[in-house]
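Quick notes on the structure that follows.
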There are 2 protein chains.
Amino acid sequence: AGISLAAACGGRGVCGSCRALVVPVVPVTAEDAQLISPAELALGYRLACRLRAGEGDLTIFLPAAGAETELKLDASDELPGPVAPPDRSGMPVVDWHALDGVGSSRADSDPVLEGLRQQGLPARLIDRTLAASLLPPPPRAAALRGAEVVAIGRDGPPGRPLGLAIDLGTTKIAVYVVDLQDGRLLAAAAAANPQASFGHDVMSRLDHALRAPAGHEDLCRAALAGITAATRLACERAGCRSRDLLEVSLVGNTAMHHLVLGLPVARLATAPFLPALGSPLELKAREVGIEAAPGAYCYLLPPIGGHIGSDHLAALGALELWQRPGHQVLVDVGTNTEVSLATAAGRVFSCSCASGPAFEGARIRHGMRAAPGAVDRVRIDPATGAARVGTVAGKSPVGICGTGILEAVAELRLAGLLTPSGGLRDGPGVRRDGEGRREYLLAAGDGGDITITQRDVQEALLAKGAIRAGIDALLSHAGVAPGEVDAFWVAGAFGTHLEPRVALRVGMFPDVNPDRFHAVGNAAGAGARVALAFPAFRIALETRVARIECMELGSNPDFAGHFARALRLG
Amino acid sequence: AGISLAAACGGRGVCGSCRALVVPVVPVTAEDAQLISPAELALGYRLACRLRAGEGDLTIFLPAAGAETELKLDASDELPGPVAPPDRSGMPVVDWHALDGVGSSRADSDPVLEGLRQQGLPARLIDRTLAASLLPPPPRAAALRGAEVVAIGRDGPPGRPLGLAIDLGTTKIAVYVVDLQDGRLLAAAAAANPQASFGHDVMSRLDHALRAPAGHEDLCRAALAGITAATRLACERAGCRSRDLLEVSLVGNTAMHHLVLGLPVARLATAPFLPALGSPLELKAREVGIEAAPGAYCYLLPPIGGHIGSDHLAALGALELWQRPGHQVLVDVGTNTEVSLATAAGRVFSCSCASGPAFEGARIRHGMRAAPGAVDRVRIDPATGAARVGTVAGKSPVGICGTGILEAVAELRLAGLLTPSGGLRDGPGVRRDGEGRREYLLAAGDGGDITITQRDVQEALLAKGAIRAGIDALLSHAGVAPGEVDAFWVAGAFGTHLEPRVALRVGMFPDVNPDRFHAVGNAAGAGARVALAFPAFRIALETRVARIECMELGSNPDFAGHFARALRLG
């Protein structure tokens with residue numbers, strides 16, 4: 001299928017880097033047993049290099065690489081910058097309370113409610129599903145959310161109250177197990193969004209949802225399967241079970257949000273791309289289909305617009321962009337790249353660019369996610385055309401990630417091997433493939449040569465051009481010159497590995513002082529975690545969202561010009 | 001099946017009184033079309049006297065008679081007595097608001113939420129199911145419950161906010177369409193509880209739930225089918241649709257409550273008969289399976305104990321028994337009869353007696369509900385043994401209802417035709433049936449003779465004896481003498497037709513001044529209606545329930561003695 005897997009050992013069954021989720025579950029090999037944890041084996045994880053085609057179809061999900069990336073991103077949980085962290089005041093949205101045992105009782109639920117009331121807590125209701133599990137002996141702890149008991153603990157309060165934040169991306173699903181008392185991140189995991197089998201971009205998935213019989217259900221089920229796999233992995237890493245998760249928050253782009261909730265998407269697919277729902281939701285996690293405590297609620301931040309999701313609202317909130325001084329720009333690079341500008345005058349403008357999945361490694365011949373062995377640094381000697389490369393985690397090169405592609409383009413241009421419009425020229429290091437097309441030899445990997453094709457260069461230029469055009473259109477609309485931007489925040493996995501110098505050189509970003517760039521990792525995930533733990537943050541974002549001014553690039557008369565200019569290399 | 005139907009015309013297809021719900025739906029006869037409304041025909045109502053056995057099994061529900069009774073009971077909606085009506089303060093729990101149209105919007109939900117917020121209303125959330133139906137044009141009204149929109153009106157606010165109160169009885173399901181602004185009753189309907197096919201009393205249903213494969217589901221589905229049939233009929237009478245119902249309340253005995261919610265019932269079936277849940281519930285009506293507005297909530301008052309349900313709490317609350325002066329007794333006669341005593345000292349004691357369905361017309365040879373044509377008054381000439389009878393609505397006699405049976409027993413005893421222990425003696429009016437057993441000829445009905453059998457007398461004595469023993473046990477436990485009781489409230493359909501003089505004569509009630517008896521109809525249904533419309537009433541009852549002292553008659557050492565004495569006739 002043209003997918004490059006991280007495979008540090010070259011497919012010899014000894015490194016474990018190619019592990020993938022296989023459905024239906026296939027027999028465990030000796031290598032699987034050695035390299036994959038029992039819990040992952042039970043879920044269906046296997047070494048892709050040991051898989052053999054047998055009877056019947058197999059579906060193979062590739063979450064492992066994403067998971068590695070994610071852990072790297074989350075190494076630093078705290079956000080940089082001069083403003084106070086988001087409002088983390090108030091009681092936890094849910095918390096555990098010990099129950100001492102109530103003597104007489106007229107119903108199995110009494111030891112729970114009476115036990116809480118005796119502590120002065122406003123316990124009034126018990127979740128219906130939970131109520132079916134109150135047979136004696138009485139539980140020794142209860143988790144209270146407002147007036148409602150949402151979980152019980154048979155053996156006393158199980159340590160800290162845990163919650164789950166979900167960032168449902170087009171390509172990647174990231175989940176976080178969070179301590180609800182202080183918002184601390186305990187474990188993270190990621191899965192590829194299994195919806196990819198219905199199309200790589202949002203529009204093709206909407207098309208499937210609208211045209212295929214039961215298309216909407218396909219996409220909903222796929223997203224939930226990915227969420228479930230990632231959640232189980234994160235719980236394993238946090239040493240908890242999914243039924244310990246007392247509260248869930250979910251952010252995502254608007255199409256993902258609507259698809260997973262069963263909301264109509266017909267109007268999302270055509271101009272002016274209006275969502276059905278622009279408000280927050282608070283409902284039982286089980287009603288969405290997410291594994292959690294029996295009575296757990298799932299909270300969903302409101303989408304900003306049809307193309308700008310609640311994930312971007314979460315990112316804006318995590319950075320508190322509108323509280324920072326001067327003009328602030330946030331670029332969240334993904335399959336869709338959202339750009340926001342908070343001006344010194346207190347206005348917030350946002351737009352979304354269809355940058356495609358190139359920077360996430362898709363549609364690139366040897367593209368891959370920023371997993372160990374991915375080329376992310378490139379230097380080309382103009383004299384010899386030879387490349388020196390750096391890789392994630394210093395492993396032998398197995399493929400190239402988004403920042404590697406961008407840097408390769410920059411270096412190829414410097415070395416005179418690319419025209420200003422991105423055509424590969426004949427020269428040292430450039431060769432012809434079997435069909436006579438030019439390609440550049442980047443590195444000799446364990447699994448074969450890693451090359452940059454003419455088409456790879458065009459994909460990279462389309463991606464960086466779309467992002468640049470969006471930024472330019474937004475700045476121009478707001479009347480802010482690039483030099484006036486006080487801070488330029490780059491969110492998303494891509495930004496973490498990006499050197500601003502390189503992005504400036506290929507013209508992906510406008511001419512901003514390189515010192516003003518800040519990579520902030522998965523800001524949307526960070527926002528989802530804060531929204532999970534701190535109700536005041538939810539209300540702040542819900543109040544703010546209606547005042548964000550959305551720009552629809554498709555209907556902007558200047559956009560074509562911005563885009564044409566942005567495609568060129570400097 | 002030994003069931004006597006109200007059939008005023010004697011089965012000639014001209015009166016319509018025998019109409020019944022038939023599943024699966026059978027062809028409509030000319031008589032059906034003339035006597036049954038189109039809406040009822042569509043639901044499957046047919047004249048029982050026109051039904052012919054055809055291919056395959058039929059299930060026949062007999063709600064019509066109950067519905068007639070119910071309407072009679074509800075003629076007076078206001079409760080008697082000296083105390084102020086229940087707290088009806090505060091805003092309606094849900095209310096309609098007109099939407100004037102919001103100009104620009106970023107999502108299909110904006111005209112709703114923004115439109116409400118512009119009026120200063122705290123609208124924050126939209127029900128998830130409702131959110132899927134917000135396609136343009138924007139609705140012209142929205143129903144707001146707290147911060148959540150639960151319904152929209154396409155053509156403006158549909159008059160008043162409507163709600164549904166449900167009294168889920170063992171034998172009968174009564175539903176009420178209520179104006180949520182003032183608690184006014186707009187329409188009522190009733191259905192026989194289709195669970196009857198799994199047993200007439202609570203214990204045999206619990207037995208089915210616990211032993212039969214999918215037994216619990218059978219009972220849940222049956223109850224919901226009855227609720228749905230009654231709801232549709234009540235809506236037809238109120239001139240609304242079930243999706244106009246913005247809020248639902250449900251009361252019922254504890255087994256019914258647990259069965260319809262899917263709560264475990266094993267511990268309800270054995271001593272000490274503890275409910276799984278003793279607290280209130282507030283959940284989406286769709287989660288219970290009740291037809292209502294898309295986002296409507298269903299509120300369930302807490303059960304008092306295993307044998308004393310939330311229906312009795314509702315009845316106590318409707319009467320505000322604990323606020324009345326002196327000693328107050330409430331007897332709610334049904335298949336289970338609940339008895340409560342509120343003492344002058346402010347304590348409330350309750351118990352439940354297994355009185356059986358005799359007073360509802362079941363297990364009596366010619367028994368029937370108090371529908372038109374039911375004998376409810378009896379005078380026997382001691383000289384001739386001839387009876388003069390009165391019937392409900394003055395129709396030709398077709399059967400005998402609970403009060404008729406009780407009065408027949410009293411008159412038979414006066415005429416010397418019964419021994420003190422209830423044995424029929426030979427004498428004028430007493431004859432032998434085909435098998436040589438004594439029976440008394442009460443009346444010659446259009447459909448054949450209406451008689452009282454030896455077994456009918458025993459059933460009536462068991463029923464009245466159980467009730468009397470419960471009352472005696474409760475008074476004795478609380479140290480209150482019968483003469484000290486200041487008011488004696490009789491609730492339930494039975495009480496409405498009962499003459500206290502007769503009940504006193506057969507010893508069903510202790511020796512209380514007849515002036516102190518008050519029949520109050522379906523007090524549980526009245527309480528469910530107040531709880532539906534007035535949140536303050538919910539909280540008042542939730543707070544009160546834990547202080548009600550339940551007496552388990554089965555474990556009371558004095559009960560057997562009370563029961564033995566109570567079985568005898570004076």
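Residue numbering restarts at 1 in every chain; chains get A, B, ... in the order shown in the structure tokens, and ligands count up from 1 in that same order.
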Excluding Ala478 of chain A and its own-chain neighbours fewer than 4 positions away, which residues fall within 12 Å of it when counting only C-alpha atoms? Please give them as a ChimeraX atom specification.
/A:327-329,340-350,471-474,482,484-485,549-551
For the residues selected in the previous step, produce a file with N, CA, C and O atoms as a compact mmCIF listing (two decimals), in the first residue's frame.
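For reference, again-v8.txt as written:
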```txt
# COMPACT_ATOMS: atom_id res chain seq x y z
N HIS A 327 0.79 41.57 18.87
CA HIS A 327 0.18 40.70 17.87
C HIS A 327 0.75 39.30 18.00
O HIS A 327 1.97 39.13 17.98
N GLN A 328 -0.13 38.31 18.09
CA GLN A 328 0.30 36.93 18.31
C GLN A 328 -0.25 36.05 17.19
O GLN A 328 -1.44 36.14 16.85
N VAL A 329 0.60 35.19 16.64
CA VAL A 329 0.16 34.27 15.60
C VAL A 329 0.34 32.84 16.10
O VAL A 329 1.36 32.51 16.71
N SER A 340 -4.25 31.34 13.49
CA SER A 340 -4.97 32.40 14.19
C SER A 340 -4.07 33.58 14.45
O SER A 340 -2.85 33.43 14.64
N LEU A 341 -4.69 34.75 14.47
CA LEU A 341 -3.98 35.99 14.80
C LEU A 341 -4.76 36.70 15.88
O LEU A 341 -5.95 37.01 15.70
N ALA A 342 -4.13 36.90 17.03
CA ALA A 342 -4.72 37.73 18.08
C ALA A 342 -4.04 39.07 18.00
O ALA A 342 -2.81 39.16 18.16
N THR A 343 -4.81 40.12 17.74
CA THR A 343 -4.18 41.43 17.55
C THR A 343 -4.03 42.17 18.88
O THR A 343 -4.67 41.83 19.88
N ALA A 344 -3.19 43.20 18.82
CA ALA A 344 -2.98 44.03 20.00
C ALA A 344 -4.29 44.67 20.44
O ALA A 344 -4.48 44.98 21.62
N ALA A 345 -5.22 44.86 19.48
CA ALA A 345 -6.50 45.50 19.80
C ALA A 345 -7.50 44.52 20.39
O ALA A 345 -8.65 44.90 20.65
N GLY A 346 -7.10 43.25 20.56
CA GLY A 346 -7.99 42.30 21.24
C GLY A 346 -8.89 41.50 20.32
O GLY A 346 -9.75 40.77 20.78
N ARG A 347 -8.71 41.66 18.98
CA ARG A 347 -9.51 40.83 18.08
C ARG A 347 -8.78 39.52 17.79
O ARG A 347 -7.55 39.46 17.88
N VAL A 348 -9.53 38.47 17.48
CA VAL A 348 -8.92 37.19 17.10
C VAL A 348 -9.48 36.78 15.74
O VAL A 348 -10.70 36.70 15.57
N PHE A 349 -8.59 36.55 14.78
CA PHE A 349 -8.96 36.08 13.45
C PHE A 349 -8.43 34.67 13.26
O PHE A 349 -7.32 34.36 13.70
N SER A 350 -9.22 33.81 12.59
CA SER A 350 -8.75 32.44 12.34
C SER A 350 -9.09 32.02 10.93
O SER A 350 -10.08 32.48 10.34
N ILE A 471 -1.46 32.32 6.22
CA ILE A 471 -0.87 33.32 7.13
C ILE A 471 -0.93 34.71 6.50
O ILE A 471 -1.36 35.69 7.13
N ASP A 472 -0.50 34.79 5.22
CA ASP A 472 -0.47 36.07 4.53
C ASP A 472 -1.87 36.68 4.44
O ASP A 472 -2.07 37.88 4.66
N ALA A 473 -2.85 35.82 4.07
CA ALA A 473 -4.21 36.33 3.91
C ALA A 473 -4.74 36.87 5.24
O ALA A 473 -5.39 37.92 5.29
N LEU A 474 -4.42 36.16 6.33
CA LEU A 474 -4.92 36.58 7.64
C LEU A 474 -4.27 37.90 8.08
O LEU A 474 -4.96 38.81 8.54
N PRO A 482 4.10 41.43 8.71
CA PRO A 482 4.84 40.33 9.35
C PRO A 482 5.82 40.82 10.41
O PRO A 482 5.94 40.22 11.48
N GLU A 484 5.54 43.13 12.41
CA GLU A 484 4.87 43.59 13.64
C GLU A 484 4.46 42.45 14.55
O GLU A 484 3.98 42.68 15.66
N VAL A 485 4.59 41.20 14.08
CA VAL A 485 4.17 40.06 14.89
C VAL A 485 5.12 39.88 16.07
O VAL A 485 6.33 39.76 15.89
N GLU A 549 -13.22 35.66 14.88
CA GLU A 549 -13.67 36.00 13.52
C GLU A 549 -13.05 35.03 12.52
O GLU A 549 -11.84 35.02 12.32
N CYS A 550 -13.91 34.19 11.91
CA CYS A 550 -13.42 33.18 10.97
C CYS A 550 -13.30 33.76 9.57
O CYS A 550 -14.19 34.48 9.12
N MET A 551 -12.23 33.42 8.92
CA MET A 551 -12.04 33.83 7.53
C MET A 551 -12.12 32.59 6.66
O MET A 551 -11.41 31.62 6.91
```
Select all residues from chain B having any atom no more than 9 Å from an atom of chain A (counting only C-alpha atoms, ignoring ligands), output as an NGL selection string.
:B and (105-110 or 113 or 124-129 or 131-135 or 261-264 or 267 or 273-283 or 303-306 or 542 or 546 or 550)
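Shell of Val112 of chain B at 10 Å, with only C-alpha atoms counted and residues fewer than 5 places along the chain excluded, is His97, Ala98, Leu99, Asp100, Gly101, Val102, Ala107, Arg117, Ala123, Ile126, Leu134, Pro138, Pro139, Arg140, Ala141, Ala142, Ala143, Val149 and Ile152 of chain B.
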I need the residues from that last selection saved to file as a PDB file, in the first residue's frame (with N, CA, C and O atoms), if you can.
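Written file, result14.pdb:
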```pdb
ATOM      1  N   HIS B  97     -39.505  29.285  24.622  1.00  0.00           N
ATOM      2  CA  HIS B  97     -39.161  30.685  24.389  1.00  0.00           C
ATOM      3  C   HIS B  97     -39.182  30.936  22.892  1.00  0.00           C
ATOM      4  O   HIS B  97     -38.651  30.126  22.121  1.00  0.00           O
ATOM      5  N   ALA B  98     -39.775  32.048  22.491  1.00  0.00           N
ATOM      6  CA  ALA B  98     -39.782  32.398  21.066  1.00  0.00           C
ATOM      7  C   ALA B  98     -38.380  32.841  20.649  1.00  0.00           C
ATOM      8  O   ALA B  98     -37.624  33.393  21.444  1.00  0.00           O
ATOM      9  N   LEU B  99     -38.024  32.553  19.401  1.00  0.00           N
ATOM     10  CA  LEU B  99     -36.752  32.995  18.847  1.00  0.00           C
ATOM     11  C   LEU B  99     -37.058  33.985  17.729  1.00  0.00           C
ATOM     12  O   LEU B  99     -37.876  33.708  16.851  1.00  0.00           O
ATOM     13  N   ASP B 100     -36.376  35.129  17.791  1.00  0.00           N
ATOM     14  CA  ASP B 100     -36.721  36.165  16.823  1.00  0.00           C
ATOM     15  C   ASP B 100     -35.901  36.074  15.546  1.00  0.00           C
ATOM     16  O   ASP B 100     -36.181  36.768  14.582  1.00  0.00           O
ATOM     17  N   GLY B 101     -34.910  35.210  15.535  1.00  0.00           N
ATOM     18  CA  GLY B 101     -34.071  35.139  14.339  1.00  0.00           C
ATOM     19  C   GLY B 101     -32.792  35.917  14.573  1.00  0.00           C
ATOM     20  O   GLY B 101     -32.818  37.109  14.862  1.00  0.00           O
ATOM     21  N   VAL B 102     -31.672  35.234  14.488  1.00  0.00           N
ATOM     22  CA  VAL B 102     -30.367  35.853  14.688  1.00  0.00           C
ATOM     23  C   VAL B 102     -29.727  35.991  13.324  1.00  0.00           C
ATOM     24  O   VAL B 102     -29.740  35.044  12.537  1.00  0.00           O
ATOM     25  N   ALA B 107     -22.834  28.500  12.938  1.00  0.00           N
ATOM     26  CA  ALA B 107     -23.247  27.098  12.997  1.00  0.00           C
ATOM     27  C   ALA B 107     -24.763  27.066  13.035  1.00  0.00           C
ATOM     28  O   ALA B 107     -25.402  28.051  13.424  1.00  0.00           O
ATOM     29  N   ARG B 117     -29.838  33.499  24.435  1.00  0.00           N
ATOM     30  CA  ARG B 117     -28.945  34.329  25.260  1.00  0.00           C
ATOM     31  C   ARG B 117     -29.296  35.803  25.150  1.00  0.00           C
ATOM     32  O   ARG B 117     -29.176  36.557  26.114  1.00  0.00           O
ATOM     33  N   ALA B 123     -28.765  29.845  28.294  1.00  0.00           N
ATOM     34  CA  ALA B 123     -28.606  28.721  27.362  1.00  0.00           C
ATOM     35  C   ALA B 123     -27.123  28.456  27.091  1.00  0.00           C
ATOM     36  O   ALA B 123     -26.390  29.354  26.699  1.00  0.00           O
ATOM     37  N   ILE B 126     -26.955  22.167  23.948  1.00  0.00           N
ATOM     38  CA  ILE B 126     -28.077  21.621  23.176  1.00  0.00           C
ATOM     39  C   ILE B 126     -27.991  20.111  23.277  1.00  0.00           C
ATOM     40  O   ILE B 126     -26.910  19.545  23.146  1.00  0.00           O
ATOM     41  N   LEU B 134     -31.009  20.432  13.445  1.00  0.00           N
ATOM     42  CA  LEU B 134     -31.072  21.891  13.423  1.00  0.00           C
ATOM     43  C   LEU B 134     -30.892  22.495  12.034  1.00  0.00           C
ATOM     44  O   LEU B 134     -30.633  23.690  11.907  1.00  0.00           O
ATOM     45  N   PRO B 138     -33.951  28.316  10.493  1.00  0.00           N
ATOM     46  CA  PRO B 138     -33.824  28.318  11.953  1.00  0.00           C
ATOM     47  C   PRO B 138     -35.178  28.136  12.628  1.00  0.00           C
ATOM     48  O   PRO B 138     -36.186  28.644  12.127  1.00  0.00           O
ATOM     49  N   PRO B 139     -35.226  27.401  13.733  1.00  0.00           N
ATOM     50  CA  PRO B 139     -36.493  27.212  14.442  1.00  0.00           C
ATOM     51  C   PRO B 139     -36.986  28.532  15.022  1.00  0.00           C
ATOM     52  O   PRO B 139     -36.201  29.459  15.232  1.00  0.00           O
ATOM     53  N   ARG B 140     -38.272  28.592  15.287  1.00  0.00           N
ATOM     54  CA  ARG B 140     -38.841  29.842  15.805  1.00  0.00           C
ATOM     55  C   ARG B 140     -39.096  29.771  17.305  1.00  0.00           C
ATOM     56  O   ARG B 140     -39.598  30.722  17.904  1.00  0.00           O
ATOM     57  N   ALA B 141     -38.752  28.628  17.927  1.00  0.00           N
ATOM     58  CA  ALA B 141     -38.902  28.527  19.381  1.00  0.00           C
ATOM     59  C   ALA B 141     -37.967  27.451  19.901  1.00  0.00           C
ATOM     60  O   ALA B 141     -37.576  26.541  19.163  1.00  0.00           O
ATOM     61  N   ALA B 142     -37.601  27.580  21.173  1.00  0.00           N
ATOM     62  CA  ALA B 142     -36.757  26.569  21.809  1.00  0.00           C
ATOM     63  C   ALA B 142     -37.231  26.361  23.226  1.00  0.00           C
ATOM     64  O   ALA B 142     -37.692  27.299  23.886  1.00  0.00           O
ATOM     65  N   ALA B 143     -37.142  25.109  23.686  1.00  0.00           N
ATOM     66  CA  ALA B 143     -37.509  24.787  25.069  1.00  0.00           C
ATOM     67  C   ALA B 143     -36.227  24.617  25.865  1.00  0.00           C
ATOM     68  O   ALA B 143     -35.375  23.806  25.510  1.00  0.00           O
ATOM     69  N   VAL B 149     -30.936  23.172  25.933  1.00  0.00           N
ATOM     70  CA  VAL B 149     -32.092  23.186  25.032  1.00  0.00           C
ATOM     71  C   VAL B 149     -32.508  21.742  24.776  1.00  0.00           C
ATOM     72  O   VAL B 149     -31.685  20.922  24.361  1.00  0.00           O
ATOM     73  N   ILE B 152     -37.038  22.002  20.016  1.00  0.00           N
ATOM     74  CA  ILE B 152     -37.218  23.220  19.227  1.00  0.00           C
ATOM     75  C   ILE B 152     -38.615  23.192  18.617  1.00  0.00           C
ATOM     76  O   ILE B 152     -39.213  22.133  18.449  1.00  0.00           O
TER      77      ILE B 152
END
```
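Residue neighbourhood of segment 423-438 of chain B, excluding near-sequence residues (fewer than 6 positions): Thr384, Gly385, Ala386, Leu417, Thr453 and Gln454 of chain B, at 7 Å, using only C-alpha atoms.
The list of residues with at least one atom within 9 Å of Leu567 of chain A, based on only C-alpha atoms and without residues fewer than 6 positions apart in the same chain, reads Ser421, Gly422, Leu461, Leu462, Ala463, Lys464, Gly465, Ala466, Arg468, Ala469, Gly507 and Met508 of chain A.
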12 Å contact set for Arg363 of chain B, only C-alpha atoms, chain neighbours under 3 positions out, as a VMD selection string
chain B and resid 1 to 4 200 to 201 335 356 to 360 366 to 369 400 to 402 405 452 to 453 455 to 460 462 to 463
Near-Val94 of chain A list (6 Å; only C-alpha atoms; drop same-chain fewer than 2 positions) as a PyMOL selection string:
chain A and resi 92+144-145
Residues from last step as file, C-alpha atoms, as a PDB file, in the first residue's frame:
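The result, written out as again.pdb:
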```pdb
ATOM      1  CA  PRO A  92     -11.897  19.211  40.477  1.00  0.00           C
ATOM      2  CA  LEU A 144     -18.860  12.618  42.911  1.00  0.00           C
ATOM      3  CA  ARG A 145     -19.469  15.014  39.996  1.00  0.00           C
TER       4      ARG A 145
END
```
Write down as a PyMOL selection string the residues of segment 219-454 of chain B whose backbone DSSP state falls under helix (DSSP H, G or I).
chain B and resi 219-238+242-244+254-261+266-268+285-288+310-319+321-323+358-360+392-394+402-414+454
DSSP strand (DSSP E or B) residues within segment 394-533 of chain A, as a ChimeraX atom specification
/A:399-400,418,424,430-432,438-445,448-453,485-491,517-521
Just-selected residues, N, CA and C atoms written as a short mmCIF file (atom, residue, chain, number, x, y, z; two decimals), in the first residue's frame:
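Result went into out13.cif, see below:
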```
data_model
loop_
_atom_site.label_atom_id
_atom_site.label_comp_id
_atom_site.auth_asym_id
_atom_site.auth_seq_id
_atom_site.Cartn_x
_atom_site.Cartn_y
_atom_site.Cartn_z
N GLY A 399 13.35 6.32 6.81
CA GLY A 399 12.39 7.09 6.03
C GLY A 399 12.62 8.55 6.33
N ILE A 400 11.68 9.39 5.89
CA ILE A 400 11.88 10.83 6.08
C ILE A 400 10.59 11.44 6.63
N LEU A 418 17.34 22.67 -7.38
CA LEU A 418 15.92 22.94 -7.59
C LEU A 418 15.74 24.31 -8.24
N LEU A 424 13.27 19.64 -10.14
CA LEU A 424 14.59 19.03 -9.90
C LEU A 424 15.43 19.17 -11.16
N VAL A 430 21.54 13.85 -8.15
CA VAL A 430 20.24 13.64 -8.81
C VAL A 430 20.39 12.54 -9.86
N ARG A 431 19.53 11.53 -9.81
CA ARG A 431 19.61 10.41 -10.73
C ARG A 431 18.23 10.15 -11.34
N ARG A 432 18.13 9.16 -12.18
CA ARG A 432 16.83 8.84 -12.79
C ARG A 432 16.34 7.52 -12.20
N ARG A 438 13.43 12.13 -12.49
CA ARG A 438 14.54 12.53 -11.61
C ARG A 438 14.19 12.24 -10.15
N GLU A 439 15.22 11.83 -9.40
CA GLU A 439 15.06 11.72 -7.94
C GLU A 439 16.41 11.98 -7.31
N TYR A 440 16.36 12.41 -6.03
CA TYR A 440 17.60 12.74 -5.32
C TYR A 440 17.85 11.66 -4.26
N LEU A 441 19.07 11.13 -4.23
CA LEU A 441 19.42 10.09 -3.25
C LEU A 441 19.78 10.76 -1.93
N LEU A 442 18.93 10.55 -0.93
CA LEU A 442 19.15 11.21 0.36
C LEU A 442 20.03 10.36 1.27
N ALA A 443 19.74 9.08 1.33
CA ALA A 443 20.50 8.19 2.22
C ALA A 443 20.27 6.75 1.80
N ALA A 444 21.22 5.92 2.16
CA ALA A 444 21.05 4.49 1.92
C ALA A 444 20.57 3.89 3.24
N GLY A 445 19.30 3.57 3.32
CA GLY A 445 18.74 3.02 4.56
C GLY A 445 18.93 1.52 4.63
N GLY A 448 16.78 -0.14 2.18
CA GLY A 448 16.87 0.33 0.78
C GLY A 448 17.13 1.83 0.75
N ASP A 449 17.38 2.36 -0.46
CA ASP A 449 17.67 3.78 -0.61
C ASP A 449 16.48 4.65 -0.21
N ILE A 450 16.82 5.80 0.42
CA ILE A 450 15.78 6.79 0.73
C ILE A 450 15.98 7.95 -0.24
N THR A 451 14.98 8.21 -1.07
CA THR A 451 15.12 9.22 -2.10
C THR A 451 14.04 10.29 -1.95
N ILE A 452 14.34 11.44 -2.60
CA ILE A 452 13.35 12.52 -2.71
C ILE A 452 12.97 12.59 -4.18
N THR A 453 11.67 12.42 -4.47
CA THR A 453 11.24 12.43 -5.87
C THR A 453 10.75 13.83 -6.25
N VAL A 485 4.59 41.20 14.08
CA VAL A 485 4.17 40.06 14.89
C VAL A 485 5.12 39.88 16.07
N ASP A 486 4.58 39.87 17.28
CA ASP A 486 5.42 39.80 18.48
C ASP A 486 5.80 38.37 18.84
N ALA A 487 4.92 37.42 18.54
CA ALA A 487 5.27 36.03 18.81
C ALA A 487 4.57 35.16 17.77
N PHE A 488 5.25 34.11 17.37
CA PHE A 488 4.77 33.25 16.30
C PHE A 488 4.86 31.82 16.83
N TRP A 489 3.73 31.26 17.21
CA TRP A 489 3.67 29.95 17.86
C TRP A 489 3.42 28.87 16.82
N VAL A 490 4.23 27.83 16.85
CA VAL A 490 4.05 26.72 15.91
C VAL A 490 3.68 25.48 16.71
N ALA A 491 2.47 25.00 16.49
CA ALA A 491 1.99 23.84 17.24
C ALA A 491 1.93 22.63 16.31
N PHE A 517 9.87 32.85 17.08
CA PHE A 517 9.20 31.57 16.87
C PHE A 517 9.28 30.71 18.12
N HIS A 518 8.17 30.06 18.44
CA HIS A 518 8.16 29.13 19.57
C HIS A 518 7.43 27.86 19.16
N ALA A 519 8.09 26.73 19.29
CA ALA A 519 7.41 25.45 19.03
C ALA A 519 6.75 25.01 20.33
N VAL A 520 5.49 24.62 20.26
CA VAL A 520 4.76 24.31 21.49
C VAL A 520 4.17 22.90 21.50
N GLY A 521 4.58 22.06 20.54
CA GLY A 521 4.06 20.68 20.55
C GLY A 521 2.56 20.65 20.35
#
```
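Proximity to Pro372 of chain A was assessed for A:Val398, A:Ala503, A:Val389, A:Val150 counting only C-alpha atoms; the smallest distance is recorded for A:Val398.
Of note, atom CA of Phe537 of chain A and atom CA of Asp179 of chain A are spaced 15.8 Å apart.
In this model, the gap between atom CA of Ala189 of chain B and atom CA of Leu164 of chain B comes to 11.0 Å.
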